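Beneath this line is the structure, given in structure tokens, with notes to follow.
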Amino acid sequence: MSSPTAQASASAGRIFEIPDAESEVQNLPGAVILEEIHGQVVFNNVTFRYFGSGEPVLKHVSFEARPGETIALLGATGSGKTTIINLIPRFYDVSSGAVQIDGQDVRKVTLHSLRRQIGIVLQDTFLFSASIMEIIRFERADATDEEVIAAASLAHAHNFIEHMPEGYQTMLGERGQGLSQVQRQLLSIARAALADPRLLILDEATSSVDTRTERLIQQAMDKLLKGRTRFVIAHRLSTMRNADQVLVLHAGKIIERGTLDELLARQGLYFDL
Ligand SMILES: Nc1ncnc2c1ncn2[C@@H]1O[C@H](COP(=O)(O)OP(=O)(O)O)[C@@H](O)[C@H]1O
Ligand SMILES: [Mg+2]
């Protein structure tokens with residue numbers, strides 16, 4: 001692993017299925033370091049088209065996530081959930097409007113200082129083959145073994161890791177071969193817990209797991225997420241219930257917003273979904 005930054009962007013690219021060649025985002029002249037953030041995220045009238053032409057896939061999207069809030073994104077496939085998330089670590093630049101973190105336009109800060117403060121927990125987050133220890137430590141190269149183990153314990157991953165043939169030294173194949181989907185997710189929670197970012201992006205697993213496992217993952221997430229600003233692509237009602245704001249997307253627009261109870265009371269589009 002020559003450059004952790006390159007690896008991180010490459011792996012994030014894979015997560016979001018952005019071929020590297022298409023991602024032209026670079027540091028702009030005069031980019032400054034984004035200092036330690038509180039975690040406020042603002043979309044200010046954001047319109048976005050992929051590759052400069054065609055219909056915008058986001059149209060005049062505005063919202064504010066206050067530090068520590070949970071924002072659930074809800075909407076049919078193709079409505080723009082992943083695109084919204086892609087704009088926060090600046091995998092793409094907006095066509096118009098702005099994405100701001102703690103009041104700073106993400107185009108005006110360095111990619112490294114931006115992305116290192118954003119944790120991403122998805123299901124298939126391993127691009128490279130490495131030991132479990134290295135995978136958890138990936139974004140915090142300076143972490144001690146004890147810190148890695150503490151993060152794994154918090155994520156409820158310690159037990160299954162200890163039962164692997166070589167424990168934390170067990171090598172995993174690319175994309176986490178040799179682990180179940182749930183185990184991969186717990187490992188990515190451990191990794192995010194160790195990195196401890198103020199801002200987290202989560203894509204809930206859609207595959208069905210038993211209720212005990214689901215509770216385990218939920219508990220691990222809740223510990224990890226305490227006080228963090230989080231964006232969750234939500235598939236479960238329980239997640240939406242815990243969200244401070246649910247943003248309902250349809251064809252690139254926010255068509256409803258509020259708490260789950262407010263949306264249910266209004267019986268709007270959400271009600272049909
Ligand atoms: N890399 C891309 N190039 C062009 N269009 C894309 C790309 N990724 C997604 N889209 C289009 O953008 C729209 C929103 O997609 P997406 O944000 O992935 O929605 P969701 O995550 O809600 O399913 C869809 O119409 C999709 O086809
Ligand atoms: Mg998506």
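The way I read the labels, and the way they are meant: chains A, B, ... in the order of the structure tokens, residue 1 as the first residue of every chain, and ligand 1 as the first ligand shown, with later ones counted on from there.
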
Using only C-alpha atoms, determine which residues lie at most 10 Å from Asn242 in chain A, disregarding the query and same-chain residues fewer than 5 positions distant; provide the list as an MDAnalysis selection string. chainID A and resid 69:72 237 259:260

Now that the selection is made, can you save its residues with C-alpha atoms as a CSV table (one decimal), in the first residue's frame?
```csv
chain,number,residue,atom,x,y,z
A,69,GLU,CA,-28.0,14.7,13.7
A,70,THR,CA,-29.1,11.5,11.8
A,71,ILE,CA,-30.4,12.1,8.4
A,72,ALA,CA,-32.2,9.2,6.7
A,237,LEU,CA,-38.3,1.5,9.7
A,259,THR,CA,-39.4,13.1,11.3
A,260,LEU,CA,-41.0,9.7,10.5
```

Skip range 216-224 of chain A itself and residues of its chain fewer than 6 positions away, then list as a PyMOL selection string all residues within 7 Å of it, counting only C-alpha atoms. chain A and resi 154-156+186+193

Output for the residues just chosen: all heavy atoms as an mmCIF file, in the first residue's frame:
```cif
data_model
loop_
_atom_site.group_PDB
_atom_site.id
_atom_site.type_symbol
_atom_site.label_atom_id
_atom_site.label_comp_id
_atom_site.auth_asym_id
_atom_site.auth_seq_id
_atom_site.Cartn_x
_atom_site.Cartn_y
_atom_site.Cartn_z
ATOM 1 N N LEU A 154 -15.992 -3.052 20.381
ATOM 2 C CA LEU A 154 -17.132 -2.149 20.313
ATOM 3 C C LEU A 154 -18.069 -2.549 19.164
ATOM 4 O O LEU A 154 -19.274 -2.467 19.278
ATOM 5 C CB LEU A 154 -16.641 -0.715 20.123
ATOM 6 C CG LEU A 154 -17.698 0.380 20.078
ATOM 7 C CD1 LEU A 154 -17.213 1.621 20.798
ATOM 8 C CD2 LEU A 154 -18.095 0.726 18.648
ATOM 9 N N ALA A 155 -17.476 -3.002 18.082
ATOM 10 C CA ALA A 155 -18.270 -3.370 16.898
ATOM 11 C C ALA A 155 -18.816 -4.797 16.983
ATOM 12 O O ALA A 155 -19.402 -5.286 16.019
ATOM 13 C CB ALA A 155 -17.421 -3.221 15.641
ATOM 14 N N HIS A 156 -18.626 -5.461 18.125
ATOM 15 C CA HIS A 156 -19.046 -6.859 18.266
ATOM 16 C C HIS A 156 -18.371 -7.754 17.227
ATOM 17 O O HIS A 156 -18.980 -8.715 16.740
ATOM 18 C CB HIS A 156 -20.563 -7.011 18.149
ATOM 19 C CG HIS A 156 -21.309 -6.311 19.245
ATOM 20 N ND1 HIS A 156 -21.326 -6.768 20.547
ATOM 21 C CD2 HIS A 156 -22.035 -5.171 19.244
ATOM 22 C CE1 HIS A 156 -22.046 -5.947 21.287
ATOM 23 N NE2 HIS A 156 -22.490 -4.961 20.525
ATOM 24 N N LEU A 186 -19.567 -5.752 10.206
ATOM 25 C CA LEU A 186 -19.028 -5.501 11.548
ATOM 26 C C LEU A 186 -17.575 -5.017 11.461
ATOM 27 O O LEU A 186 -17.162 -4.145 12.214
ATOM 28 C CB LEU A 186 -19.132 -6.757 12.418
ATOM 29 C CG LEU A 186 -20.560 -7.208 12.765
ATOM 30 C CD1 LEU A 186 -20.543 -8.471 13.617
ATOM 31 C CD2 LEU A 186 -21.350 -6.108 13.470
ATOM 32 N N ALA A 193 -15.049 2.888 13.716
ATOM 33 C CA ALA A 193 -14.950 3.203 15.146
ATOM 34 C C ALA A 193 -13.529 3.629 15.494
ATOM 35 O O ALA A 193 -13.309 4.543 16.279
ATOM 36 C CB ALA A 193 -15.368 2.003 15.988
#
```

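Near ligand 2, at a distance of at most 7 Å and with only C-alpha atoms and all ligand atoms counted, sit the residues Thr77, Gly78, Gly80, Lys81 and Thr82 of chain A.
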
So which bits of range 231-270 of chain A end up strand (DSSP E or B) when you DSSP the backbone, as a ChimeraX atom specification? /A:231-233,245-250,253-258

Written file, previous selection with all heavy atoms, as a short mmCIF file (atom, residue, chain, number, x, y, z; two decimals), in the first residue's frame:
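So again12.cif came out as:
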```cif
data_model
loop_
_atom_site.label_atom_id
_atom_site.label_comp_id
_atom_site.auth_asym_id
_atom_site.auth_seq_id
_atom_site.Cartn_x
_atom_site.Cartn_y
_atom_site.Cartn_z
N PHE A 231 -25.41 10.13 7.83
CA PHE A 231 -26.33 10.00 6.71
C PHE A 231 -26.54 8.52 6.50
O PHE A 231 -25.57 7.77 6.35
CB PHE A 231 -25.73 10.62 5.44
CG PHE A 231 -25.77 12.11 5.47
CD1 PHE A 231 -24.77 12.83 6.10
CD2 PHE A 231 -26.82 12.81 4.90
CE1 PHE A 231 -24.80 14.21 6.15
CE2 PHE A 231 -26.87 14.19 4.94
CZ PHE A 231 -25.87 14.90 5.58
N VAL A 232 -27.79 8.11 6.53
CA VAL A 232 -28.09 6.70 6.40
C VAL A 232 -29.03 6.48 5.23
O VAL A 232 -30.08 7.11 5.15
CB VAL A 232 -28.78 6.14 7.68
CG1 VAL A 232 -28.90 4.64 7.61
CG2 VAL A 232 -28.04 6.57 8.93
N ILE A 233 -28.62 5.62 4.32
CA ILE A 233 -29.56 5.17 3.30
C ILE A 233 -30.36 4.07 3.97
O ILE A 233 -29.84 3.00 4.27
CB ILE A 233 -28.83 4.67 2.04
CG1 ILE A 233 -28.09 5.84 1.40
CG2 ILE A 233 -29.83 4.05 1.06
CD1 ILE A 233 -27.37 5.52 0.11
N GLN A 245 -34.14 13.71 10.84
CA GLN A 245 -34.83 14.14 9.63
C GLN A 245 -34.85 12.97 8.65
O GLN A 245 -33.82 12.33 8.44
CB GLN A 245 -34.09 15.28 8.92
CG GLN A 245 -33.87 16.53 9.73
CD GLN A 245 -33.10 17.57 8.91
OE1 GLN A 245 -33.46 17.89 7.78
NE2 GLN A 245 -32.03 18.10 9.48
N VAL A 246 -35.98 12.76 8.05
CA VAL A 246 -36.07 11.83 6.93
C VAL A 246 -36.27 12.70 5.69
O VAL A 246 -37.16 13.55 5.66
CB VAL A 246 -37.26 10.86 7.07
CG1 VAL A 246 -37.35 9.93 5.87
CG2 VAL A 246 -37.14 10.05 8.37
N LEU A 247 -35.38 12.53 4.71
CA LEU A 247 -35.53 13.25 3.45
C LEU A 247 -36.07 12.26 2.43
O LEU A 247 -35.44 11.23 2.17
CB LEU A 247 -34.19 13.82 2.97
CG LEU A 247 -33.43 14.73 3.94
CD1 LEU A 247 -32.11 15.19 3.32
CD2 LEU A 247 -34.27 15.94 4.35
N VAL A 248 -37.22 12.55 1.87
CA VAL A 248 -37.81 11.66 0.88
C VAL A 248 -37.49 12.19 -0.50
O VAL A 248 -37.84 13.32 -0.85
CB VAL A 248 -39.34 11.53 1.06
CG1 VAL A 248 -39.90 10.52 0.06
CG2 VAL A 248 -39.68 11.13 2.48
N LEU A 249 -36.79 11.36 -1.28
CA LEU A 249 -36.38 11.78 -2.62
C LEU A 249 -37.25 11.14 -3.68
O LEU A 249 -37.64 9.98 -3.57
CB LEU A 249 -34.93 11.33 -2.86
CG LEU A 249 -33.88 12.17 -2.16
CD1 LEU A 249 -32.64 11.36 -1.93
CD2 LEU A 249 -33.59 13.40 -3.00
N HIS A 250 -37.51 11.93 -4.70
CA HIS A 250 -38.20 11.39 -5.87
C HIS A 250 -37.65 12.10 -7.09
O HIS A 250 -37.70 13.34 -7.17
CB HIS A 250 -39.71 11.61 -5.74
CG HIS A 250 -40.47 11.11 -6.94
ND1 HIS A 250 -40.64 9.77 -7.19
CD2 HIS A 250 -41.08 11.77 -7.94
CE1 HIS A 250 -41.33 9.63 -8.31
NE2 HIS A 250 -41.61 10.82 -8.79
N LYS A 253 -35.42 15.15 -6.48
CA LYS A 253 -35.90 16.26 -5.66
C LYS A 253 -36.30 15.75 -4.29
O LYS A 253 -36.79 14.62 -4.17
CB LYS A 253 -37.15 16.90 -6.29
CG LYS A 253 -36.86 17.73 -7.50
CD LYS A 253 -38.13 18.44 -7.93
CE LYS A 253 -37.86 19.27 -9.18
NZ LYS A 253 -39.09 19.56 -9.91
N ILE A 254 -36.15 16.63 -3.31
CA ILE A 254 -36.69 16.29 -1.99
C ILE A 254 -38.17 16.65 -2.02
O ILE A 254 -38.52 17.83 -2.18
CB ILE A 254 -35.97 17.07 -0.87
CG1 ILE A 254 -34.50 16.66 -0.81
CG2 ILE A 254 -36.65 16.80 0.48
CD1 ILE A 254 -33.68 17.41 0.23
N ILE A 255 -39.01 15.65 -1.93
CA ILE A 255 -40.44 15.94 -2.03
C ILE A 255 -41.12 15.98 -0.66
O ILE A 255 -42.23 16.48 -0.54
CB ILE A 255 -41.18 14.93 -2.93
CG1 ILE A 255 -40.90 13.50 -2.48
CG2 ILE A 255 -40.77 15.11 -4.39
CD1 ILE A 255 -41.87 12.50 -3.07
N GLU A 256 -40.44 15.45 0.35
CA GLU A 256 -40.98 15.54 1.71
C GLU A 256 -39.84 15.49 2.68
O GLU A 256 -38.80 14.89 2.40
CB GLU A 256 -41.88 14.35 2.01
CG GLU A 256 -43.18 14.38 1.27
CD GLU A 256 -44.24 13.64 2.06
OE1 GLU A 256 -44.46 14.01 3.23
OE2 GLU A 256 -44.79 12.69 1.52
N ARG A 257 -40.04 16.08 3.84
CA ARG A 257 -39.01 15.99 4.88
C ARG A 257 -39.66 16.15 6.24
O ARG A 257 -40.70 16.79 6.37
CB ARG A 257 -37.92 17.03 4.66
CG ARG A 257 -38.39 18.46 4.80
CD ARG A 257 -37.26 19.44 4.56
NE ARG A 257 -37.04 19.70 3.15
CZ ARG A 257 -35.88 20.06 2.62
NH1 ARG A 257 -34.80 20.16 3.39
NH2 ARG A 257 -35.77 20.30 1.34
N GLY A 258 -39.02 15.57 7.23
CA GLY A 258 -39.54 15.67 8.60
C GLY A 258 -39.16 14.42 9.36
O GLY A 258 -38.43 13.57 8.85
#
```

Could you give me the residues within range 36-173 of chain A that DSSP places in alpha helix (DSSP H), as a CSV table (one decimal) with all heavy atoms, in the first residue's frame?
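Result file is result_32.csv:
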```
chain,number,residue,atom,x,y,z
A,81,LYS,N,-30.3,9.0,-4.0
A,81,LYS,CA,-29.7,8.8,-2.6
A,81,LYS,C,-28.2,8.7,-2.7
A,81,LYS,O,-27.5,9.4,-2.0
A,81,LYS,CB,-30.3,7.6,-1.9
A,81,LYS,CG,-31.8,7.6,-1.8
A,81,LYS,CD,-32.4,6.4,-1.2
A,81,LYS,CE,-32.1,5.0,-1.9
A,81,LYS,NZ,-32.8,4.9,-3.2
A,82,THR,N,-27.7,7.8,-3.5
A,82,THR,CA,-26.3,7.6,-3.6
A,82,THR,C,-25.6,8.9,-4.1
A,82,THR,O,-24.5,9.2,-3.7
A,82,THR,CB,-26.0,6.4,-4.5
A,82,THR,OG1,-26.6,5.2,-3.9
A,82,THR,CG2,-24.5,6.1,-4.6
A,83,THR,N,-26.2,9.5,-5.0
A,83,THR,CA,-25.6,10.7,-5.6
A,83,THR,C,-25.5,11.8,-4.5
A,83,THR,O,-24.4,12.4,-4.5
A,83,THR,CB,-26.5,11.3,-6.8
A,83,THR,OG1,-26.7,10.2,-7.7
A,83,THR,CG2,-25.9,12.4,-7.4
A,84,ILE,N,-26.4,12.0,-3.7
A,84,ILE,CA,-26.3,12.9,-2.6
A,84,ILE,C,-25.1,12.6,-1.7
A,84,ILE,O,-24.3,13.5,-1.4
A,84,ILE,CB,-27.6,13.0,-1.7
A,84,ILE,CG1,-28.7,13.7,-2.5
A,84,ILE,CG2,-27.3,13.6,-0.4
A,84,ILE,CD1,-30.0,14.0,-1.7
A,85,ILE,N,-25.0,11.3,-1.4
A,85,ILE,CA,-23.9,10.9,-0.6
A,85,ILE,C,-22.5,11.1,-1.3
A,85,ILE,O,-21.5,11.4,-0.6
A,85,ILE,CB,-24.2,9.4,-0.2
A,85,ILE,CG1,-25.0,9.4,1.1
A,85,ILE,CG2,-22.9,8.6,0.0
A,85,ILE,CD1,-25.5,8.1,1.5
A,86,ASN,N,-22.5,10.8,-2.6
A,86,ASN,CA,-21.3,11.0,-3.3
A,86,ASN,C,-20.7,12.5,-3.3
A,86,ASN,O,-19.5,12.7,-3.5
A,86,ASN,CB,-21.5,10.7,-4.8
A,86,ASN,CG,-21.4,9.2,-5.0
A,86,ASN,OD1,-20.8,8.4,-4.3
A,86,ASN,ND2,-22.0,8.7,-6.1
A,87,LEU,N,-21.6,13.4,-3.1
A,87,LEU,CA,-21.2,14.8,-3.2
A,87,LEU,C,-20.6,15.3,-1.9
A,87,LEU,O,-19.8,16.2,-1.9
A,87,LEU,CB,-22.4,15.7,-3.5
A,87,LEU,CG,-23.0,15.5,-4.9
A,87,LEU,CD1,-24.2,16.4,-5.1
A,87,LEU,CD2,-22.0,15.7,-6.0
A,111,LEU,N,-8.8,17.5,-0.7
A,111,LEU,CA,-9.5,16.2,-0.7
A,111,LEU,C,-9.1,15.4,0.5
A,111,LEU,O,-10.0,14.7,1.2
A,111,LEU,CB,-9.3,15.5,-2.0
A,111,LEU,CG,-9.9,16.0,-3.2
A,111,LEU,CD1,-9.4,15.3,-4.4
A,111,LEU,CD2,-11.4,16.0,-3.1
A,112,HIS,N,-7.9,15.4,0.8
A,112,HIS,CA,-7.4,14.5,1.9
A,112,HIS,C,-8.0,14.9,3.3
A,112,HIS,O,-8.5,14.1,4.0
A,112,HIS,CB,-5.9,14.5,2.0
A,112,HIS,CG,-5.3,13.7,3.1
A,112,HIS,ND1,-5.5,12.3,3.2
A,112,HIS,CD2,-4.8,14.1,4.3
A,112,HIS,CE1,-4.9,11.9,4.3
A,112,HIS,NE2,-4.5,12.9,5.0
A,113,SER,N,-7.9,16.3,3.5
A,113,SER,CA,-8.4,16.7,4.8
A,113,SER,C,-10.0,16.6,4.9
A,113,SER,O,-10.5,16.5,6.0
A,113,SER,CB,-8.0,18.2,5.1
A,113,SER,OG,-8.7,19.1,4.2
A,114,LEU,N,-10.6,16.6,3.8
A,114,LEU,CA,-12.1,16.4,3.8
A,114,LEU,C,-12.4,14.9,4.0
A,114,LEU,O,-13.1,14.5,4.9
A,114,LEU,CB,-12.6,16.8,2.4
A,114,LEU,CG,-14.1,16.5,2.1
A,114,LEU,CD1,-15.0,17.3,3.0
A,114,LEU,CD2,-14.4,16.8,0.6
A,115,ARG,N,-11.8,14.0,3.2
A,115,ARG,CA,-12.2,12.6,3.2
A,115,ARG,C,-11.8,11.9,4.4
A,115,ARG,O,-12.4,10.9,4.8
A,115,ARG,CB,-11.7,11.9,1.9
A,115,ARG,CG,-12.4,12.5,0.7
A,115,ARG,CD,-11.9,11.8,-0.6
A,115,ARG,NE,-12.6,12.4,-1.7
A,115,ARG,CZ,-12.2,12.2,-3.0
A,115,ARG,NH1,-11.2,11.4,-3.3
A,115,ARG,NH2,-12.9,12.8,-4.0
A,132,ILE,N,-6.9,-9.0,8.9
A,132,ILE,CA,-8.0,-8.3,9.6
A,132,ILE,C,-7.4,-7.1,10.3
A,132,ILE,O,-8.0,-6.0,10.3
A,132,ILE,CB,-8.7,-9.3,10.5
A,132,ILE,CG1,-9.5,-10.3,9.7
A,132,ILE,CG2,-9.6,-8.6,11.5
A,132,ILE,CD1,-10.2,-11.3,10.5
A,133,MET,N,-6.3,-7.3,11.0
A,133,MET,CA,-5.7,-6.2,11.7
A,133,MET,C,-5.4,-5.0,10.8
A,133,MET,O,-5.8,-3.8,11.2
A,133,MET,CB,-4.4,-6.7,12.3
A,133,MET,CG,-3.7,-5.7,13.3
A,133,MET,SD,-4.6,-5.5,14.8
A,133,MET,CE,-3.8,-6.7,15.9
A,134,GLU,N,-4.9,-5.2,9.6
A,134,GLU,CA,-4.6,-4.1,8.7
A,134,GLU,C,-5.8,-3.5,8.2
A,134,GLU,O,-5.9,-2.2,8.0
A,134,GLU,CB,-3.8,-4.6,7.5
A,134,GLU,CG,-2.3,-5.0,7.8
A,134,GLU,CD,-1.7,-5.8,6.7
A,134,GLU,OE1,-2.3,-6.6,6.1
A,134,GLU,OE2,-0.5,-5.5,6.5
A,135,ILE,N,-6.9,-4.3,8.0
A,135,ILE,CA,-8.1,-3.7,7.4
A,135,ILE,C,-8.7,-2.8,8.4
A,135,ILE,O,-9.2,-1.7,8.1
A,135,ILE,CB,-9.1,-4.9,7.0
A,135,ILE,CG1,-8.6,-5.5,5.7
A,135,ILE,CG2,-10.5,-4.4,6.9
A,135,ILE,CD1,-9.3,-6.7,5.3
A,136,ILE,N,-8.8,-3.2,9.7
A,136,ILE,CA,-9.4,-2.3,10.7
A,136,ILE,C,-8.5,-1.0,10.9
A,136,ILE,O,-9.0,0.1,11.1
A,136,ILE,CB,-9.6,-3.0,12.1
A,136,ILE,CG1,-10.5,-4.2,11.9
A,136,ILE,CG2,-10.1,-2.1,13.1
A,136,ILE,CD1,-10.7,-5.1,13.1
A,137,ARG,N,-7.2,-1.2,10.8
A,137,ARG,CA,-6.3,-0.1,11.1
A,137,ARG,C,-6.1,0.9,9.9
A,137,ARG,O,-5.5,1.9,10.0
A,137,ARG,CB,-4.9,-0.7,11.4
A,137,ARG,CG,-3.9,0.3,11.9
A,137,ARG,CD,-2.6,-0.4,12.2
A,137,ARG,NE,-2.5,-0.8,13.6
A,137,ARG,CZ,-1.9,-2.0,13.9
A,137,ARG,NH1,-1.4,-2.8,13.0
A,137,ARG,NH2,-1.9,-2.3,15.2
A,145,ASP,N,-2.2,-2.1,18.5
A,145,ASP,CA,-3.0,-3.4,18.5
A,145,ASP,C,-4.2,-3.3,19.5
A,145,ASP,O,-5.3,-3.7,19.2
A,145,ASP,CB,-2.2,-4.6,18.8
A,145,ASP,CG,-1.2,-4.9,17.7
A,145,ASP,OD1,-1.2,-4.2,16.7
A,145,ASP,OD2,-0.5,-6.0,17.8
A,146,GLU,N,-3.9,-2.7,20.6
A,146,GLU,CA,-4.9,-2.6,21.7
A,146,GLU,C,-6.1,-1.7,21.2
A,146,GLU,O,-7.2,-2.1,21.5
A,146,GLU,CB,-4.3,-2.0,23.0
A,146,GLU,CG,-3.4,-3.0,23.8
A,146,GLU,CD,-2.1,-3.2,23.0
A,146,GLU,OE1,-1.6,-2.3,22.3
A,146,GLU,OE2,-1.5,-4.3,23.2
A,147,GLU,N,-5.7,-0.7,20.5
A,147,GLU,CA,-6.8,0.2,20.0
A,147,GLU,C,-7.6,-0.5,19.0
A,147,GLU,O,-8.9,-0.3,18.9
A,147,GLU,CB,-6.2,1.5,19.4
A,147,GLU,CG,-5.7,2.5,20.5
A,147,GLU,CD,-5.0,3.7,19.9
A,147,GLU,OE1,-4.1,3.5,19.1
A,147,GLU,OE2,-5.4,4.8,20.2
A,148,VAL,N,-7.0,-1.3,18.1
A,148,VAL,CA,-7.7,-2.0,17.1
A,148,VAL,C,-8.7,-3.0,17.8
A,148,VAL,O,-9.8,-3.1,17.4
A,148,VAL,CB,-6.7,-2.8,16.2
A,148,VAL,CG1,-7.5,-3.8,15.3
A,148,VAL,CG2,-5.9,-1.8,15.3
A,149,ILE,N,-8.2,-3.7,18.8
A,149,ILE,CA,-9.0,-4.7,19.5
A,149,ILE,C,-10.2,-4.0,20.2
A,149,ILE,O,-11.3,-4.5,20.2
A,149,ILE,CB,-8.1,-5.6,20.4
A,149,ILE,CG1,-7.2,-6.4,19.6
A,149,ILE,CG2,-9.0,-6.4,21.3
A,149,ILE,CD1,-6.0,-7.0,20.3
A,150,ALA,N,-9.9,-2.9,20.8
A,150,ALA,CA,-11.0,-2.1,21.4
A,150,ALA,C,-12.1,-1.8,20.4
A,150,ALA,O,-13.3,-1.9,20.7
A,150,ALA,CB,-10.4,-0.9,22.1
A,151,ALA,N,-11.7,-1.3,19.3
A,151,ALA,CA,-12.6,-0.9,18.2
A,151,ALA,C,-13.4,-2.2,17.7
A,151,ALA,O,-14.6,-2.1,17.5
A,151,ALA,CB,-11.9,-0.3,17.0
A,152,ALA,N,-12.7,-3.3,17.6
A,152,ALA,CA,-13.4,-4.5,17.2
A,152,ALA,C,-14.4,-5.0,18.2
A,152,ALA,O,-15.5,-5.5,17.9
A,152,ALA,CB,-12.3,-5.6,16.9
A,153,SER,N,-14.0,-4.8,19.5
A,153,SER,CA,-14.9,-5.2,20.6
A,153,SER,C,-16.2,-4.4,20.5
A,153,SER,O,-17.3,-4.9,20.6
A,153,SER,CB,-14.2,-5.1,21.9
A,153,SER,OG,-13.0,-5.8,21.9
A,154,LEU,N,-16.0,-3.1,20.4
A,154,LEU,CA,-17.1,-2.1,20.3
A,154,LEU,C,-18.1,-2.5,19.2
A,154,LEU,O,-19.3,-2.5,19.3
A,154,LEU,CB,-16.6,-0.7,20.1
A,154,LEU,CG,-17.7,0.4,20.1
A,154,LEU,CD1,-17.2,1.6,20.8
A,154,LEU,CD2,-18.1,0.7,18.6
A,158,HIS,N,-15.0,-8.7,17.7
A,158,HIS,CA,-13.9,-9.4,18.4
A,158,HIS,C,-14.0,-10.9,18.5
A,158,HIS,O,-13.1,-11.6,18.2
A,158,HIS,CB,-13.7,-8.8,19.8
A,158,HIS,CG,-12.5,-9.3,20.5
A,158,HIS,ND1,-11.2,-9.2,20.1
A,158,HIS,CD2,-12.5,-10.1,21.6
A,158,HIS,CE1,-10.4,-9.8,21.0
A,158,HIS,NE2,-11.1,-10.4,21.9
A,159,ASN,N,-15.2,-11.3,18.9
A,159,ASN,CA,-15.5,-12.7,19.0
A,159,ASN,C,-15.3,-13.6,17.8
A,159,ASN,O,-14.6,-14.6,17.8
A,159,ASN,CB,-16.9,-13.0,19.5
A,159,ASN,CG,-16.9,-13.0,21.1
A,159,ASN,OD1,-15.9,-13.0,21.7
A,159,ASN,ND2,-18.1,-12.9,21.6
A,160,PHE,N,-15.8,-13.1,16.7
A,160,PHE,CA,-15.7,-13.9,15.5
A,160,PHE,C,-14.2,-13.8,15.0
A,160,PHE,O,-13.7,-14.8,14.4
A,160,PHE,CB,-16.7,-13.6,14.4
A,160,PHE,CG,-16.4,-12.5,13.5
A,160,PHE,CD1,-15.5,-12.6,12.4
A,160,PHE,CD2,-17.0,-11.2,13.6
A,160,PHE,CE1,-15.2,-11.6,11.6
A,160,PHE,CE2,-16.7,-10.2,12.8
A,160,PHE,CZ,-15.8,-10.4,11.7
A,161,ILE,N,-13.6,-12.7,15.2
A,161,ILE,CA,-12.2,-12.6,14.8
A,161,ILE,C,-11.3,-13.6,15.5
A,161,ILE,O,-10.5,-14.3,14.9
A,161,ILE,CB,-11.7,-11.2,14.9
A,161,ILE,CG1,-12.4,-10.2,14.0
A,161,ILE,CG2,-10.2,-11.1,14.7
A,161,ILE,CD1,-12.1,-8.7,14.3
A,162,GLU,N,-11.6,-13.7,16.8
A,162,GLU,CA,-10.8,-14.6,17.6
A,162,GLU,C,-11.0,-16.1,17.2
A,162,GLU,O,-10.1,-16.9,17.4
A,162,GLU,CB,-11.2,-14.5,19.1
A,162,GLU,CG,-10.7,-13.2,19.7
A,162,GLU,CD,-9.6,-13.4,20.7
A,162,GLU,OE1,-10.0,-13.8,21.8
A,162,GLU,OE2,-8.5,-13.1,20.4
```

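The two atoms in question, CA of Gly173 in chain A and CA of Leu199 in chain A, are spaced 28.2 Å apart.
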
So how far away is CA of Val94 in chain A from CA of Val121 in chain A, in Å? 23.1 Å

Between CA of Arg184 in chain A and CA of Thr211 in chain A, what is the distance in Å, rounded to a tenth? 17.4 Å

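Distances here use only C-alpha atoms; by that measure, the residue among A:Ala190, A:Ala76, A:Leu202, A:Ala130 closest to Leu172 in chain A is A:Ala130.
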
Please identify all polymer residues within 12 Å of Pro67 in chain A, counting only C-alpha atoms, omitting same-chain residues fewer than 4 positions from it, and present them as an MDAnalysis selection string. chainID A and resid 37:42 71 101:103 198:200 225:231 244

Hey, which of A:Gly54, A:Phe43, A:Phe48, A:Ala141 ends up closest to Gln100 in chain A? Count only C-alpha atoms.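 Closest candidate: A:Phe43.
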
Which residue gives the smallest distance to ligand 1 among A:Met171, A:Ile189, A:Val57, A:Leu264, with only C-alpha atoms and all ligand atoms counted?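 Counting only C-alpha atoms and all ligand atoms, the residue closest to ligand 1 is A:Val57.
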